[in-house]
Structure formats: C-alpha cells, structure tokens
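Enquirer: Have a peek at my_file-v9.txt (compact mmCIF, C-alpha atoms).
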# COMPACT_ATOMS: atom_id res chain seq x y z
CA MET A 1 66.48 114.15 74.96
CA PRO A 2 67.74 116.55 77.61
CA SER A 3 65.37 119.29 78.63
CA LEU A 4 66.00 122.94 77.85
CA LYS A 5 66.92 123.56 81.46
CA ASP A 6 69.49 120.75 81.41
CA LEU A 7 71.06 122.11 78.25
CA LYS A 8 71.22 125.58 79.68
CA ASN A 9 72.94 124.33 82.80
CA ARG A 10 75.34 122.33 80.72
CA ILE A 11 76.28 125.36 78.62
CA GLU A 12 76.81 127.44 81.72
CA SER A 13 79.07 124.84 83.24
CA VAL A 14 81.16 124.44 80.11
CA LYS A 15 81.45 128.21 79.92
CA SER A 16 82.86 128.42 83.41
CA THR A 17 85.24 125.56 82.62
CA ARG A 18 86.42 127.52 79.63
CA LYS A 19 86.99 130.54 81.82
CA ILE A 20 89.15 128.48 84.14
CA THR A 21 91.21 126.87 81.41
CA LYS A 22 91.67 130.22 79.74
CA ALA A 23 92.91 131.71 82.98
CA MET A 24 95.23 128.77 83.56
CA GLN A 25 96.62 129.18 80.08
CA MET A 26 97.40 132.81 80.69
CA VAL A 27 98.99 132.09 84.05
CA ALA A 28 101.09 129.36 82.44
CA ALA A 29 102.16 131.75 79.69
CA ALA A 30 103.34 134.29 82.24
CA LYS A 31 105.11 131.64 84.29
CA LEU A 32 106.65 130.15 81.17
CA ARG A 33 108.33 133.42 80.35
CA ARG A 34 109.85 133.58 83.82
CA ALA A 35 110.88 129.93 83.74
CA GLN A 36 112.48 130.37 80.36
CA GLU A 37 114.37 133.40 81.55
CA SER A 38 115.81 131.58 84.53
CA ALA A 39 116.66 128.58 82.38
CA GLU A 40 118.55 130.87 80.03
CA ALA A 41 120.24 132.72 82.87
CA SER A 42 121.61 129.46 84.22
CA ARG A 43 123.01 128.32 80.91
CA PRO A 44 126.34 130.23 80.90
CA TYR A 45 127.27 128.74 84.26
CA ALA A 46 126.41 125.20 83.23
CA GLU A 47 128.23 125.52 79.93
CA ARG A 48 131.45 126.89 81.37
CA PHE A 49 131.30 124.47 84.22
CA ASN A 50 131.00 121.54 81.87
CA ALA A 51 133.78 122.86 79.66
CA VAL A 52 136.19 123.08 82.59
CA MET A 53 135.08 119.74 83.96
CA ALA A 54 135.49 118.07 80.59
CA GLY A 55 139.06 119.35 80.42
CA LEU A 56 139.81 118.21 83.94
CA ALA A 57 138.13 114.88 83.50
CA ALA A 58 140.06 114.23 80.33
CA SER A 59 143.40 114.85 82.03
CA VAL A 60 142.70 113.03 85.29
CA GLY A 61 140.04 110.59 84.17
CA GLY A 62 142.30 107.75 83.13
CA SER A 63 144.20 107.44 86.35
CA ASP A 64 143.24 105.24 89.25
CA SER A 65 143.35 108.15 91.63
CA ALA A 66 140.36 109.75 89.93
CA PRO A 67 137.49 110.35 92.34
CA LYS A 68 134.76 107.76 92.51
CA LEU A 69 132.20 110.22 91.21
CA LEU A 70 134.05 110.29 87.91
CA ARG A 71 135.36 106.76 87.72
CA GLY A 72 132.32 104.98 89.09
CA THR A 73 132.39 102.29 91.71
CA GLY A 74 133.64 99.70 89.30
CA SER A 75 130.32 97.96 88.89
CA ASP A 76 126.92 98.92 87.59
CA ASP A 77 124.65 96.60 89.47
CA VAL A 78 122.56 99.10 91.35
CA HIS A 79 120.95 101.95 89.48
CA LEU A 80 119.33 104.98 91.02
CA LEU A 81 116.73 106.66 88.87
CA VAL A 82 115.99 110.22 89.89
CA VAL A 83 112.65 110.99 88.33
CA MET A 84 111.89 114.70 88.27
CA THR A 85 108.35 115.72 87.48
CA ALA A 86 105.94 118.49 88.31
CA GLU A 87 104.01 118.93 91.51
CA ARG A 88 100.81 119.56 89.64
CA GLY A 89 98.89 117.96 86.86
CA LEU A 90 96.80 119.50 84.09
CA CYS A 91 99.82 119.86 81.86
CA GLY A 92 99.10 117.41 79.07
CA GLY A 93 101.49 114.53 78.70
CA PHE A 94 104.32 116.21 80.54
CA ASN A 95 104.41 114.06 83.67
CA ALA A 96 103.25 110.94 81.86
CA ASN A 97 106.05 111.18 79.31
CA ILE A 98 108.77 111.44 81.92
CA ALA A 99 107.26 108.59 83.89
CA LYS A 100 107.01 106.51 80.74
CA LEU A 101 110.68 107.01 79.94
CA ALA A 102 111.68 106.17 83.50
CA ARG A 103 109.47 103.10 83.47
CA ALA A 104 110.97 101.86 80.21
CA LYS A 105 114.47 102.36 81.59
CA ALA A 106 113.62 100.60 84.85
CA ASP A 107 112.10 97.66 83.00
CA GLU A 108 115.12 97.43 80.74
CA LEU A 109 117.53 97.47 83.68
CA ARG A 110 115.53 94.93 85.60
CA GLY A 111 115.41 92.74 82.52
CA LYS A 112 119.21 92.72 82.64
CA GLY A 113 119.11 91.63 86.24
CA LYS A 114 120.18 94.96 87.75
CA THR A 115 118.80 96.37 90.92
CA VAL A 116 116.80 99.54 90.44
CA LYS A 117 116.09 102.19 93.02
CA VAL A 118 113.85 105.15 92.41
CA LEU A 119 114.05 108.61 93.92
CA THR A 120 111.20 110.86 92.94
CA VAL A 121 111.20 114.62 92.84
CA GLY A 122 107.73 116.03 92.39
CA LYS A 123 104.46 114.48 93.44
CA LYS A 124 103.14 113.52 90.04
CA GLY A 125 106.03 111.25 89.17
CA ARG A 126 105.66 109.44 92.44
CA ASP A 127 101.95 108.91 91.85
CA ALA A 128 102.55 107.64 88.34
CA LEU A 129 105.25 105.16 89.32
CA LYS A 130 103.85 104.08 92.66
CA ARG A 131 101.85 101.16 91.33
CA ASP A 132 104.63 99.53 89.32
CA PHE A 133 107.69 100.46 91.31
CA GLY A 134 106.33 101.36 94.71
CA ASP A 135 108.63 98.85 96.38
CA LEU A 136 111.69 100.36 94.69
CA PHE A 137 111.18 103.86 96.07
CA VAL A 138 114.02 104.98 98.28
CA GLY A 139 112.89 108.52 98.80
CA HIS A 140 110.86 111.46 97.68
CA ILE A 141 111.65 115.12 97.52
CA ASP A 142 108.77 117.49 97.76
CA LEU A 143 109.04 120.81 95.98
CA SER A 144 105.41 121.82 96.32
CA GLU A 145 106.29 124.53 98.83
CA VAL A 146 108.90 126.01 96.52
CA LYS A 147 107.64 128.98 94.57
CA ARG A 148 110.72 129.64 92.57
CA ILE A 149 113.32 126.97 91.99
CA GLY A 150 116.66 128.12 93.34
CA TYR A 151 120.11 126.64 93.26
CA ASN A 152 119.73 125.63 96.90
CA ASN A 153 116.86 123.28 95.95
CA ALA A 154 119.18 121.57 93.50
CA GLN A 155 121.89 121.45 96.16
CA ASP A 156 119.52 119.73 98.56
CA ILE A 157 118.66 117.07 96.02
CA ALA A 158 122.31 116.66 95.10
CA LYS A 159 123.22 116.30 98.76
CA ASP A 160 120.64 113.58 99.18
CA VAL A 161 121.88 111.73 96.09
CA LEU A 162 125.54 112.11 97.05
CA SER A 163 125.06 110.90 100.59
CA ARG A 164 123.36 107.82 99.21
CA PHE A 165 126.27 107.36 96.82
CA ASP A 166 128.81 107.72 99.61
CA GLY A 167 126.80 105.22 101.61
CA GLY A 168 127.25 102.76 98.76
CA GLU A 169 123.55 102.56 98.01
CA PHE A 170 123.97 102.63 94.25
CA ASP A 171 126.56 102.60 91.46
CA VAL A 172 124.97 104.62 88.70
CA ALA A 173 122.58 107.55 88.94
CA THR A 174 120.45 108.79 86.10
CA ILE A 175 118.17 111.81 86.18
CA PHE A 176 114.96 111.98 84.20
CA TYR A 177 113.50 115.29 83.17
CA SER A 178 111.97 117.01 80.21
CA LYS A 179 114.06 119.18 77.98
CA PHE A 180 112.35 122.34 76.84
CA VAL A 181 112.46 122.90 73.08
CA ASN A 182 109.46 125.12 72.58
CA VAL A 183 105.92 125.49 73.80
CA VAL A 184 104.63 122.46 71.95
CA THR A 185 107.74 120.28 72.13
CA GLN A 186 109.32 118.95 75.29
CA ILE A 187 111.63 116.00 75.08
CA PRO A 188 111.75 113.58 78.01
CA THR A 189 115.44 113.03 78.64
CA ALA A 190 117.57 110.67 80.67
CA GLN A 191 120.98 111.91 81.75
CA GLN A 192 123.57 110.00 83.69
CA VAL A 193 125.09 112.10 86.47
CA ILE A 194 127.07 109.52 88.45
CA PRO A 195 129.61 108.52 87.31
CA ALA A 196 129.88 111.89 85.65
CA SER A 197 130.16 112.08 81.92
CA PHE A 198 131.04 115.27 80.14
CA GLU A 199 130.63 116.05 76.53
CA GLU A 200 133.82 117.13 74.92
CA THR A 201 133.64 120.73 73.91
CA GLU A 202 135.46 121.63 70.77
CA GLY A 203 138.09 124.22 70.22
CA ASP A 204 136.97 126.12 73.29
CA ASP A 205 140.18 126.15 75.23
CA SER A 206 142.34 125.17 72.29
CA GLY A 207 144.52 122.96 74.42
CA ALA A 208 145.69 125.68 76.77
CA VAL A 209 147.73 124.18 79.58
CA PHE A 210 146.38 125.29 82.91
CA ASP A 211 148.08 125.65 86.23
CA TYR A 212 145.94 124.14 88.91
CA GLU A 213 145.64 125.49 92.38
CA PRO A 214 145.45 123.31 94.44
CA SER A 215 146.10 120.10 92.48
CA GLU A 216 143.97 118.82 89.61
CA GLU A 217 142.69 115.98 91.76
CA ALA A 218 141.73 118.30 94.60
CA ILE A 219 139.87 120.62 92.27
CA LEU A 220 138.12 117.72 90.64
CA ALA A 221 137.13 116.25 93.98
CA ASP A 222 135.78 119.64 94.99
CA LEU A 223 133.93 120.29 91.78
CA LEU A 224 132.39 116.92 90.98
CA PRO A 225 129.71 117.16 93.68
CA LYS A 226 128.98 120.65 92.41
CA GLY A 227 128.69 119.18 88.93
CA VAL A 228 125.91 116.92 90.17
CA ALA A 229 124.12 119.90 91.69
CA THR A 230 124.60 121.89 88.50
CA ALA A 231 123.20 119.10 86.35
CA ILE A 232 120.21 118.75 88.66
CA PHE A 233 119.69 122.49 88.72
CA SER A 234 119.62 122.79 84.94
CA ALA A 235 117.31 119.79 84.79
CA LEU A 236 114.95 121.40 87.29
CA LEU A 237 114.88 124.61 85.32
CA GLU A 238 114.34 122.84 82.01
CA ASN A 239 111.58 120.90 83.71
CA GLY A 240 110.03 124.10 85.02
CA ALA A 241 109.94 125.65 81.57
CA SER A 242 108.68 122.41 80.01
CA GLU A 243 105.93 122.09 82.58
CA GLN A 244 104.61 125.56 81.92
CA GLY A 245 104.94 125.10 78.17
CA ALA A 246 103.06 121.81 78.29
CA ARG A 247 100.41 123.29 80.54
CA MET A 248 100.00 126.26 78.26
CA SER A 249 99.38 124.15 75.18
CA ALA A 250 97.19 121.70 77.08
CA MET A 251 95.08 124.55 78.39
CA ASP A 252 94.95 126.14 74.97
CA ASN A 253 93.52 122.89 73.62
CA ALA A 254 91.09 122.63 76.49
CA THR A 255 89.89 126.18 75.93
CA ARG A 256 89.36 125.48 72.25
CA ASN A 257 87.53 122.23 72.98
CA ALA A 258 85.30 123.98 75.47
CA GLY A 259 84.49 126.58 72.82
CA GLU A 260 83.53 123.89 70.32
CA MET A 261 81.42 122.16 72.93
CA ILE A 262 79.62 125.39 73.73
CA ASP A 263 78.84 125.93 70.06
CA LYS A 264 77.49 122.41 69.71
CA LEU A 265 75.40 122.67 72.84
CA THR A 266 74.07 126.05 71.81
CA ILE A 267 72.88 124.66 68.49
CA GLN A 268 71.24 121.77 70.27
CA PHE A 269 69.68 124.19 72.73
CA ASN A 270 68.28 126.39 69.95
CA ARG A 271 66.91 123.39 68.08
CA SER A 272 65.13 122.06 71.14
CA ARG A 273 63.81 125.50 71.93
CA GLN A 274 62.43 125.78 68.43
CA ALA A 275 60.91 122.32 68.67
CA VAL A 276 59.21 123.29 71.91
CA ILE A 277 57.81 126.46 70.34
CA THR A 278 56.60 124.56 67.29
CA ASN A 279 54.96 122.01 69.53
CA GLU A 280 53.18 124.70 71.48
CA LEU A 281 51.97 126.31 68.29
CA ILE A 282 50.65 123.01 66.96
CA GLU A 283 48.85 122.45 70.21
CA ILE A 284 47.26 125.91 70.12
CA ILE A 285 46.28 125.67 66.47
CA SER A 286 44.86 122.18 66.71
CA GLY A 287 43.03 123.21 69.86
CA ALA A 288 41.53 126.19 68.04
CA GLU A 289 40.53 124.04 65.07
CA ALA A 290 38.82 121.53 67.29
CA LEU A 291 36.35 124.19 68.49
CA MET B 1 149.96 143.80 75.26
CA ALA B 2 146.37 144.18 76.10
CA ASN B 3 145.49 146.41 79.00
CA THR B 4 142.22 144.77 79.76
CA MET B 5 140.76 141.30 79.72
CA GLN B 6 137.30 139.90 79.50
CA PHE B 7 135.93 139.22 82.97
CA ASP B 8 132.81 137.15 83.58
CA LEU B 9 131.22 136.40 86.89
CA VAL B 10 128.43 133.85 86.76
CA SER B 11 126.44 132.07 89.41
CA PRO B 12 124.09 129.17 88.67
CA GLU B 13 121.11 131.45 88.81
CA ARG B 14 122.31 134.37 86.78
CA SER B 15 125.22 136.07 85.16
CA LEU B 16 126.37 138.92 87.40
CA ALA B 17 129.04 140.65 85.44
CA SER B 18 130.60 140.56 82.05
CA LEU B 19 133.00 143.39 81.38
CA GLU B 20 136.52 144.42 80.49
CA ALA B 21 138.71 144.49 83.58
CA THR B 22 142.30 145.52 84.21
CA ALA B 23 142.84 143.43 87.34
CA VAL B 24 140.81 141.04 89.43
CA GLN B 25 141.70 139.89 92.91
CA ILE B 26 140.49 136.35 93.48
CA PRO B 27 140.11 134.71 96.89
CA GLY B 28 141.71 131.41 95.86
CA ALA B 29 141.63 128.32 98.03
CA ASP B 30 145.40 128.53 98.53
CA GLY B 31 145.48 132.28 98.99
CA ASP B 32 144.46 135.44 97.27
CA MET B 33 145.77 136.07 93.80
CA THR B 34 145.40 138.90 91.40
CA ALA B 35 144.82 138.15 87.77
CA MET B 36 145.87 140.69 85.20
CA PRO B 37 145.84 140.48 81.42
CA ASP B 38 148.16 137.78 80.06
CA HIS B 39 148.19 135.88 83.31
CA ALA B 40 149.26 132.27 82.92
CA PRO B 41 146.29 129.94 82.35
CA THR B 42 145.17 128.82 85.78
CA ILE B 43 142.23 127.12 87.38
CA THR B 44 141.73 127.61 91.08
CA THR B 45 138.96 126.84 93.50
CA LEU B 46 137.56 129.64 95.61
CA ARG B 47 137.23 130.06 99.32
CA PRO B 48 134.54 132.37 100.66
CA GLY B 49 135.81 135.88 100.24
CA ILE B 50 135.69 139.13 98.38
CA LEU B 51 136.34 139.32 94.70
CA LYS B 52 137.73 142.73 93.72
CA VAL B 53 137.41 143.86 90.17
CA GLU B 54 139.23 146.83 88.76
CA ALA B 55 137.95 148.04 85.46
CA PRO B 56 138.33 151.22 83.46
CA ALA B 57 134.68 151.86 84.18
CA GLY B 58 135.29 151.67 87.92
CA ALA B 59 135.99 149.14 90.63
CA SER B 60 133.45 146.72 92.01
CA GLU B 61 133.43 144.06 94.69
CA TYR B 62 131.51 140.84 95.06
CA LEU B 63 131.06 138.43 97.88
CA VAL B 64 131.63 134.94 96.50
CA THR B 65 131.42 131.49 98.06
CA GLY B 66 132.30 128.17 96.54
CA GLY B 67 133.15 127.52 92.94
CA PHE B 68 136.21 128.20 90.89
CA ALA B 69 137.97 130.69 88.67
CA GLN B 70 139.37 129.95 85.28
CA ILE B 71 142.02 132.22 83.86
CA ASN B 72 143.01 131.73 80.29
CA GLY B 73 144.93 133.80 77.80
CA ASP B 74 142.27 136.32 76.96
CA GLY B 75 140.01 136.40 79.96
CA LEU B 76 138.87 135.31 83.34
CA SER B 77 135.71 133.48 84.27
CA VAL B 78 134.62 133.12 87.84
CA LEU B 79 131.97 130.53 88.52
CA ALA B 80 130.70 130.96 92.04
CA GLU B 81 127.91 129.05 93.72
CA LYS B 82 126.84 132.23 95.42
CA ALA B 83 127.84 135.69 94.32
CA ILE B 84 126.42 138.91 95.69
CA PRO B 85 127.58 142.46 94.93
CA VAL B 86 129.13 143.75 98.16
CA ALA B 87 126.85 146.77 98.19
CA GLU B 88 123.85 144.45 98.44
CA VAL B 89 125.24 142.28 101.21
CA THR B 90 123.46 142.79 104.48
CA ARG B 91 123.99 141.52 107.96
CA SER B 92 121.25 138.94 107.43
CA HIS B 93 123.05 137.56 104.36
CA MET B 94 126.16 137.07 106.44
CA ASP B 95 124.19 135.56 109.29
CA ASP B 96 122.65 133.07 106.89
CA LEU B 97 126.02 132.14 105.46
CA ILE B 98 127.62 131.81 108.86
CA ALA B 99 124.70 129.76 110.15
CA GLU B 100 125.02 127.50 107.13
CA ALA B 101 128.75 127.07 107.66
CA ARG B 102 128.20 126.40 111.35
CA ALA B 103 125.54 123.80 110.58
CA SER B 104 127.85 121.94 108.22
CA HIS B 105 130.61 122.18 110.82
CA GLU B 106 128.34 120.63 113.42
CA ALA B 107 127.26 117.96 110.97
CA ALA B 108 130.88 117.19 110.13
CA LYS B 109 131.81 116.93 113.80
CA ALA B 110 129.16 114.25 114.22
CA GLY B 111 130.97 112.15 111.62
CA ASP B 112 134.45 110.78 112.12
CA ASP B 113 136.25 112.03 109.05
CA GLN B 114 138.71 114.55 110.46
CA SER B 115 139.48 116.18 107.11
CA ILE B 116 135.83 117.08 106.59
CA VAL B 117 135.67 118.57 110.08
CA ASP B 118 138.75 120.63 109.33
CA ASP B 119 137.32 121.81 106.04
CA ALA B 120 134.07 122.81 107.68
CA ALA B 121 135.92 124.57 110.49
CA LYS B 122 137.95 126.48 107.93
CA LEU B 123 134.80 127.42 106.07
CA LEU B 124 133.26 128.69 109.26
CA ALA B 125 136.36 130.68 110.11
CA ASP B 126 136.46 132.11 106.59
CA MET B 127 132.84 133.17 106.87
CA GLU B 128 133.32 134.81 110.22
CA ALA B 129 136.46 136.58 109.08
CA LEU B 130 134.54 137.82 106.09
CA GLY B 131 131.80 139.21 108.29
CA THR B 132 134.30 141.03 110.47
CA HIS B 133 136.20 142.27 107.48
CA MET B 134 133.11 143.84 106.07
CA SER B 135 132.38 145.36 109.48
CA LEU B 136 128.77 144.44 109.38
Translate this structure into structure tokens?
Expert:
Amino acid sequence: MPSLKDLKNRIESVKSTRKITKAMQMVAAAKLRRAQESAEASRPYAERFNAVMAGLAASVGGSDSAPKLLRGTGSDDVHLLVVMTAERGLCGGFNANIAKLARAKADELRGKGKTVKVLTVGKKGRDALKRDFGDLFVGHIDLSEVKRIGYNNAQDIAKDVLSRFDGGEFDVATIFYSKFVNVVTQIPTAQQVIPASFEETEGDDSGAVFDYEPSEEAILADLLPKGVATAIFSALLENGASEQGARMSAMDNATRNAGEMIDKLTIQFNRSRQAVITNELIEIISGAEAL
Amino acid sequence: MANTMQFDLVSPERSLASLEATAVQIPGADGDMTAMPDHAPTITTLRPGILKVEAPAGASEYLVTGGFAQINGDGLSVLAEKAIPVAEVTRSHMDDLIAEARASHEAAKAGDDQSIVDDAAKLLADMEALGTHMSL
C-alpha cells in the first residue's frame, strides 16, 4: 500500500505528464494544418507533371532509345529501398508502420534472392531497421535540421538516389512513406520511382498531339530526374502531414489516459486518506475508553 | 476565337498564378516563344529566364528556372522548379542562383562528360545574363 505522500507525488507527476502531452497535441495540431496546406499546395504541380510525363512516357516508352530511368536497366536484381520516416518519435505507430512495410518488402525481395540496399531518410526509420538490416544500409539523410521541408530537400535526396543509379548501384528504387488520409488514418505506402511508372490519366489531354521542343526524348531525359524529385517531394510532404496527424492522435490518447489515471489515483488517494483518518479516530476513541 | 486563355504557373511548393492571359512569353530551351490563345499544342522545357504574362488585368513577370511549359488548345501551364515574381527578386536571390549554377558547373568540370559541362556552362551563362538583364 503506497503512502499518502507517494500517491500525492504520483498524481503530481501524472498531471505534469498530461500537461506535456496536451501541449504536444496542440503543437501537432498547429503543425498539421501547415503541413496539410503545403501538401495541398504541391498537389497541382505533381498532378500536371505526372499527366505530362504519362503522355510522354506512353509515346516514347516502347522504344529502345527511352532513357534508362524510364526503361530500367534491364534487370531487377538490386533493389534500393528509400525509407522515409520522421526525425522524432512520440507519434504512435507512424514510424513503426513504415518500417514494418519496408521490412516486409525487404524480406520478400531477399526471399527471392534479390540484393537489397536501404537508404534511410529520417532518424527513426534508421533506428528501427538498424538491427535487422544494418548491413544493408548504403546511406542516411538527416532532415533533423530542416524546419520546413522545401523542394530543395527533395532535390538533394533525388540527387543522391540518381547518382547511385548512374553509378549502377541498383536497378529498382522504391520509396516508402505514409500517405495522409486524415488525422486518424495514415497509410504506409510503397511507390516505385525508378524505373518510373506513371498512372494513365484519363481524358485529360484528350489525345492532343503536341509539338515538342526540343525533341520528345530530350524533354523526357530532362524531366525524368525531376520526376524522381517530385515524387520524393510529395512523399516528404505526405509524410510530414501524416507524422503530425499521427502525433496529434497519439498525444490525444495519451492526454486522455493521463486523465483517467489521475482520476483513479485521486480515488485511491482519497480512500487512503479516509482510512488514515478512521484509523486515527479509532486510536483516539479506544485510547479514551481505556482510561 | 477566344481572346484569352487559361494560364497557370505552378512550382512544386505552391501555385503562383492562375488567371486569364492574352499572351505569355516563355523562355524555352530552344529560344523564347510567345504563346497566344489557340497556339498549337506544344511542350517545351524551360531555360532560366523571365516569363512575361500579359493579361487584361495587367502584365506580370516571373523569374523561372527549370521545368517545362505545356500549351494545349485552351490554356497554358508552366511548371517551374523555381518561380519568383520579378518584383520580389533581390540581388541575393540572383547570387544564390548564380552560385548554384557555378557550383554545378564546377562539379561537371570535375567529371569527363563534355555535354554535362556544356549544359552547366550554359546554365551559368543564362543565370548571369539574367542578372545583368534585370540590372540588379
């Protein structure tokens, strides 16, 4: 049976925990709004970009002169998994879910006898995968100094990935991130970026025949690396929104749990206090009767 | 025949403009071109330069680098990696861009692929010309 003093300390400590989680929840809510806004602001670019690329890819894709980024290297023996997670924890299952998906994919690929390489973006993913795949790590990109994700961050990552591709380090690259649906739902997603695949958009350009300046191939060669950067940028932004959403709901839960705990402890505290008082009374009364 | 067309300028980070325009001068990779309503459908890549928009509501100019423009029957979309309204461009912006171009030029020179070196040199020249043009 804990003493009254212990209980009191306990209640105080849970109360301050609740204050912290509450504050974190509110910070996450504010950040979420910003993250969502930038995710939405980036969407028109990504959509148009993909629409144009899909058209270009469809017309050039079949030929042998298509760039390697679109066609692939001709084999799929070496896979690069780009695992993008948050720099911080305390956001529920957010990081764990992405890591889990990446781990499943890596195991599957290794089961098929492929070589797997892992590039991590964000500290938490690296920590989560270090034990199982530590020997497969080829690099890590740290974004902990970055306050607001910009396109140049995505460009840096893309540059890293592309230089590895040009160096023949891998054949297929897949990025792992979490797609933001709403505050309580984030879907861990795997998306192949090299060789590029574009979803066909319907009816958008209604088969308009474009003049290309310079040639189709030159445009494609120019744009494909940008496509990688664009895909990574949207993934980073989705991830940013997902992280804040996950943190917000995790902190909401934590705040609620802390509240319940405080209630429970308070009841226990009151009961013990009453028991102590009753005890004292009994002692006084029986002492008086003994006289 | 329509007198205006839908013009959109978007960068990865935000959408800068979406309006009805009468003519847009695009700094294309193979030379400047002006798109007017009912221009033939064209896709062109951009070189660093100034994008001039003429609209009934007034003219505006943007500094754009990298990306492409897509002209189709009823409108024009410009997707630029960087786009800044000219009024907001400062000397430090230009310095950053030029420094970036110079760095990639240096990096390219270290390699042995001549075409990349040429591209980077052209980029650097474009950037510097742009700075002079804007008399910053």
Enquirer: Closest to Gly227 (chain A) among B:Val86, B:Ile26, B:Pro12, B:Gly75, using only C-alpha atoms?
Expert: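 Nearest candidate to Gly227 (chain A) out of B:Val86, B:Ile26, B:Pro12, B:Gly75: B:Pro12.
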Enquirer: Measuring atom to atom with only C-alpha atoms, identify which of A:Thr266, A:Gln186, A:Ser215, A:Ser144 is nearest to chain B.
Expert: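 Using only C-alpha atoms, the shortest distance to chain B belongs to A:Ser215.
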Enquirer: Please check the contacts: residues of chain A at most 6 Å away from chain B, using all atoms listed in the file, listed as a ChimeraX atom specification.
Expert: /A:41-42,45,210-213
Enquirer: Print the selection's residues with C-alpha atoms to a file, as a PDB file, in the coordinates of the input.
Expert:
ATOM      1  CA  ALA A  41     120.240 132.720  82.870  1.00  0.00           C
ATOM      2  CA  SER A  42     121.610 129.460  84.220  1.00  0.00           C
ATOM      3  CA  TYR A  45     127.270 128.740  84.260  1.00  0.00           C
ATOM      4  CA  PHE A 210     146.380 125.290  82.910  1.00  0.00           C
ATOM      5  CA  ASP A 211     148.080 125.650  86.230  1.00  0.00           C
ATOM      6  CA  TYR A 212     145.940 124.140  88.910  1.00  0.00           C
ATOM      7  CA  GLU A 213     145.640 125.490  92.380  1.00  0.00           C
TER       8      GLU A 213
END
Enquirer: May I ask which of the residues A:Asp107, A:Asp6, A:Glu216, A:Glu243 is the closest one to Phe180 (chain A), counting all atoms listed in the file?
Expert: A:Glu243
Enquirer: My list of candidates is A:Leu70, A:Ala39, A:Leu136, A:Ala58. Which is closest to Phe233 (chain A) when distances are computed with only C-alpha atoms?
Expert: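 Among A:Leu70, A:Ala39, A:Leu136, A:Ala58, it is A:Ala39 that comes nearest to Phe233 (chain A).
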Enquirer: Near region 195-199 of chain A, within 7 Å and counting only C-alpha atoms, which residues show up once chain neighbours fewer than 4 positions away are dropped, as a PDB file with C-alpha atoms, in the frame of the given file?
Expert:
ATOM      1  CA  ASN A  50     131.000 121.540  81.870  1.00  0.00           C
ATOM      2  CA  ALA A  54     135.490 118.070  80.590  1.00  0.00           C
ATOM      3  CA  LEU A  69     132.200 110.220  91.210  1.00  0.00           C
ATOM      4  CA  LEU A  70     134.050 110.290  87.910  1.00  0.00           C
ATOM      5  CA  ARG A  71     135.360 106.760  87.720  1.00  0.00           C
ATOM      6  CA  GLY A  72     132.320 104.980  89.090  1.00  0.00           C
ATOM      7  CA  VAL A 172     124.970 104.620  88.700  1.00  0.00           C
TER       8      VAL A 172
END
Enquirer: Please write region 50-70 of chain B of the preceding block to a file containing N, CA and C atoms, as an mmCIF file, in the first residue's frame?
Expert:
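Wrote part-v2.cif, looks like this:
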data_model
loop_
_atom_site.group_PDB
_atom_site.id
_atom_site.type_symbol
_atom_site.label_atom_id
_atom_site.label_comp_id
_atom_site.auth_asym_id
_atom_site.auth_seq_id
_atom_site.Cartn_x
_atom_site.Cartn_y
_atom_site.Cartn_z
ATOM 1 N N ILE B 50 12.974 34.971 -67.910
ATOM 2 C CA ILE B 50 11.827 35.727 -67.429
ATOM 3 C C ILE B 50 10.592 35.304 -68.214
ATOM 4 N N LEU B 51 9.562 35.026 -67.478
ATOM 5 C CA LEU B 51 8.288 34.668 -68.073
ATOM 6 C C LEU B 51 7.413 35.917 -68.027
ATOM 7 N N LYS B 52 6.960 36.375 -69.213
ATOM 8 C CA LYS B 52 6.164 37.603 -69.239
ATOM 9 C C LYS B 52 4.720 37.258 -69.547
ATOM 10 N N VAL B 53 3.860 37.709 -68.687
ATOM 11 C CA VAL B 53 2.450 37.402 -68.850
ATOM 12 C C VAL B 53 1.694 38.679 -69.142
ATOM 13 N N GLU B 54 0.915 38.659 -70.208
ATOM 14 C CA GLU B 54 0.058 39.804 -70.480
ATOM 15 C C GLU B 54 -1.375 39.372 -70.282
ATOM 16 N N ALA B 55 -2.041 40.060 -69.426
ATOM 17 C CA ALA B 55 -3.425 39.712 -69.119
ATOM 18 C C ALA B 55 -4.252 40.983 -69.130
ATOM 19 N N PRO B 56 -5.569 40.831 -69.338
ATOM 20 C CA PRO B 56 -6.419 42.021 -69.302
ATOM 21 C C PRO B 56 -6.265 42.771 -67.989
ATOM 22 N N ALA B 57 -6.000 42.014 -66.931
ATOM 23 C CA ALA B 57 -5.886 42.648 -65.620
ATOM 24 C C ALA B 57 -4.549 43.356 -65.428
ATOM 25 N N GLY B 58 -3.629 43.175 -66.373
ATOM 26 C CA GLY B 58 -2.319 43.803 -66.232
ATOM 27 C C GLY B 58 -1.220 42.797 -66.480
ATOM 28 N N ALA B 59 -0.029 43.304 -66.778
ATOM 29 C CA ALA B 59 1.081 42.424 -67.095
ATOM 30 C C ALA B 59 1.824 42.047 -65.820
ATOM 31 N N SER B 60 2.439 40.871 -65.855
ATOM 32 C CA SER B 60 3.270 40.480 -64.716
ATOM 33 C C SER B 60 4.452 39.676 -65.238
ATOM 34 N N GLU B 61 5.501 39.630 -64.451
ATOM 35 C CA GLU B 61 6.703 38.920 -64.864
ATOM 36 C C GLU B 61 7.179 38.019 -63.740
ATOM 37 N N TYR B 62 7.694 36.866 -64.140
ATOM 38 C CA TYR B 62 8.204 35.922 -63.156
ATOM 39 C C TYR B 62 9.573 35.439 -63.574
ATOM 40 N N LEU B 63 10.414 35.244 -62.591
ATOM 41 C CA LEU B 63 11.699 34.613 -62.856
ATOM 42 C C LEU B 63 11.486 33.105 -62.708
ATOM 43 N N VAL B 64 11.805 32.356 -63.745
ATOM 44 C CA VAL B 64 11.603 30.910 -63.650
ATOM 45 C C VAL B 64 12.916 30.189 -63.962
ATOM 46 N N THR B 65 13.124 29.061 -63.297
ATOM 47 C CA THR B 65 14.261 28.211 -63.660
ATOM 48 C C THR B 65 13.788 26.769 -63.693
ATOM 49 N N GLY B 66 14.250 26.065 -64.668
ATOM 50 C CA GLY B 66 13.969 24.631 -64.757
ATOM 51 C C GLY B 66 12.505 24.297 -64.865
ATOM 52 N N GLY B 67 12.187 23.221 -65.528
ATOM 53 C CA GLY B 67 10.806 22.817 -65.651
ATOM 54 C C GLY B 67 10.360 22.858 -67.090
ATOM 55 N N PHE B 68 9.057 22.922 -67.289
ATOM 56 C CA PHE B 68 8.580 22.930 -68.664
ATOM 57 C C PHE B 68 7.250 23.663 -68.773
ATOM 58 N N ALA B 69 6.867 23.947 -69.996
ATOM 59 C CA ALA B 69 5.595 24.592 -70.264
ATOM 60 C C ALA B 69 4.785 23.699 -71.180
ATOM 61 N N GLN B 70 3.523 23.630 -70.886
ATOM 62 C CA GLN B 70 2.645 22.808 -71.705
ATOM 63 C C GLN B 70 1.536 23.702 -72.264
#
